[in-house]
Amino acid sequence: MWWLLATTCCVLLSGPIDGYKQESITNPEANMNIVCVFQSELISYWGYPYEKHDVITEDGYILGTYRIPHGKGCSRKTAPKAVVYLQHGLIASANNWICNLPNNSLAFLLADSGYDVWLGNSRGNTWSRNHLRLSPKSPQYWAFSWDEMAKYDLPATVNLILEKSGQKQLFYVGHSQGTTIAFIAFSTNPELAKKIRLFFALAPVATVKYTRSPMKKLTTLSRKAVKVLFGDKMFSTHTWFEQFIATKVCNRKLFHQLCSNFLFSLSGFDPQNLNMSRLDVYLSQSPAGTSVQNMLHWAQAVNSGQLQAFDWGNPDQNMMHFNQLTPPVYNISKMRVPTAMWSGGQDVVADAKDTKNLLPKIANLIYYKEIPHYNHMDFYLGQDAPQEVYGDLIRMIEESLQN
């Protein structure tokens with residue numbers, strides 16, 4: 001798709017197309033510093049306070065975590081607020097929660113509703129690419145998948161948030177892979193589960209046996225072939241060329257349809273529910289990257305149809321990591337955290353069949369809603385997300401605090 005967008009560069013350099021007056025309006029947020037401080041700039045751009053915290057995991061990864069301690073109209077000197085922690089999905093970042101206008105971005109809506117909002121970033125993405133000992137240039141740094149995110153990242157982040165906020169529990173919101181690591185962590189780590197007041201699962205992903213995403217094509221390749229194609233380190237990071245396309249091509253009305261096609265190519269298509277005027281912002285911050293091993297783990301999950309730990313390729317390696325010859329299967333039914341879930345009827349990533357199989361495994365399911373017209377990204381990009389999802393989510397938080 002990018003090569004098709006790239007051909008438009010020649011058009012842009014040659015001037016207006018015959019009979020068509022080019023409209024080029026770039027959102028200021030699309031040109032903010034993508035390398036270092038994009039998230040803090042985006043938060044402060046809209047007038048919200050922020051704090052940057054580094055979470056250090058047990059295995060040495062340094063995760064960039066952002067806090068919005070209160071809304072624009074709230075005083076800093078107030079009693080401790082209830083904490084809401086937002087965790088993004090695959091190849092994404094905390095930007096998902098702040099990329100729309102304040103009245104349509106969950107992080108800003110929560111802050112304005114009086115909550116202490118924290119935005120997590122998974123290891124290996126643009127804002128969590130440091131380590132106490134390992135260099136991101138080494139394959140050892142990238143030897144992780146969602147196993148480690150659930151075992152190390154999530155507990156370390158929750159513990160730091162509770163320490164800084166002075167709270168004993170928090171509300172957890174996960175999207176896609178953000179729900180996967182929560183299902184694993186909350187079902188295998190009872191002490192961590194006690195620190196979660198409510199778990200809100202958006203586009204929940206446990207198994208992906210029936211996924212229809214184009215990324216499923218990875219499952220037809222051997223591990224060796226995948227590593228020949230993508231290497232053994234980073235997968236799908238944001239590049240300068242993608243930044244150029246986002247800010248110099250996708251900001252033009254003529255190319256909105258083409259750019260939106262690309263945006264939805266891996267997760268389903270619903271341009272009617274997308275704010276086309278912000279395409280440059282959406283595309284200037286994604287993808288944020290992950291490890292090739294993480295993608296291999298997802299390919300394994302598609303092929304096995306199970307929520308299972310990463311298969312390291314031979315019994316000796318598995319024994320070293322799991323004390324057994326084969327990777328363990330995670331038992332979600334052991335999770336007792338009160339859980340509310342929303343799924344999309346047009347979601348090709350978290351297919352309805354996988355969701356149907358997941359529902360009876362949630363032991364403490366307090367709410368479930370399927371939104372017929374939703375795809376995988378509508379939960380944070382959809383123009384009607386405040387009406388379809390966020391309003392009920394905030395209401396449940398308020399009701400929980402009153403009990």
# chains A, B, ... in the order shown; residues from 1 in each chain; ligands from 1
>>> closest_atom_pairs(of="region 175-213 of chain A", to="region 348-355 of chain A", cutoff="7 Å", atoms="only C-alpha atoms", output="tab-separated table")
residue	atom	partner	partner_atom	distance
A:Ala203	CA	A:Ala350	CA	6.3
A:Pro204	CA	A:Ala350	CA	6.6
A:Val205	CA	A:Ala350	CA	5.7
A:Thr207	CA	A:Asp354	CA	6.0
A:Val208	CA	A:Asp354	CA	6.3
A:Lys209	CA	A:Asp354	CA	6.7
A:Tyr210	CA	A:Asp351	CA	5.9
A:Thr211	CA	A:Val349	CA	5.0
A:Arg212	CA	A:Val348	CA	4.9
A:Ser213	CA	A:Val349	CA	5.2
>>> residues_around(residues="Gly124 (chain A)", least_positions_apart="3", cutoff="12 Å", atoms="only C-alpha atoms", output="PyMOL selection string")
chain A and resi 61-64+90-93+121+127-131+135-137+139+141-146+148-149+153+233-237+287-294
>>> residues_around(residues="Ala82 (chain A)", least_positions_apart="6", cutoff="12 Å", atoms="only C-alpha atoms", output="VMD selection string")
chain A and resid 69 to 70 110 to 111 113 to 118 161 to 162 165 to 172 196 to 198 394 397 to 398 400 to 402
>>> residues_around(residues="region 269-276 of chain A", least_positions_apart="2", cutoff="8 Å", atoms="only C-alpha atoms", output="ChimeraX atom specification")
/A:256,260-261,264-265,267,278-279,373-375,378,381-384
>>> select_by_dssp(residues="region 103-301 of chain A", states="alpha helix (DSSP H)", output="number ranges by chain")
A: 106-112, 146-148, 154-165, 177-188, 190-193, 223-230, 240-248, 256-263, 279-284, 292-301
>>> closest_residue(among="A:Glu399, A:Lys151, A:Gln87, A:Glu370", to="Ile184 (chain A)", atoms="only C-alpha atoms")
A:Lys151
>>> atom_distance(atom1="CA of Pro80 (chain A)", atom2="CA of Asn100 (chain A)")
27.1 Å
>>> select_by_dssp(residues="region 125-359 of chain A", states="strand (DSSP E)", output="MDAnalysis selection string")
chainID A and resid 130:131 170:175 196:202 234:235 290:291 339:344
>>> atom_distance(atom1="CA of Ala206 (chain A)", atom2="CA of Glu163 (chain A)")
29.4 Å
>>> closest_residue(among="A:Arg252, A:Arg123, A:His53, A:His175", to="Asn96 (chain A)", atoms="only C-alpha atoms")
A:His175
>>> atom_distance(atom1="CA of Leu86 (chain A)", atom2="CA of Phe379 (chain A)")
12.5 Å
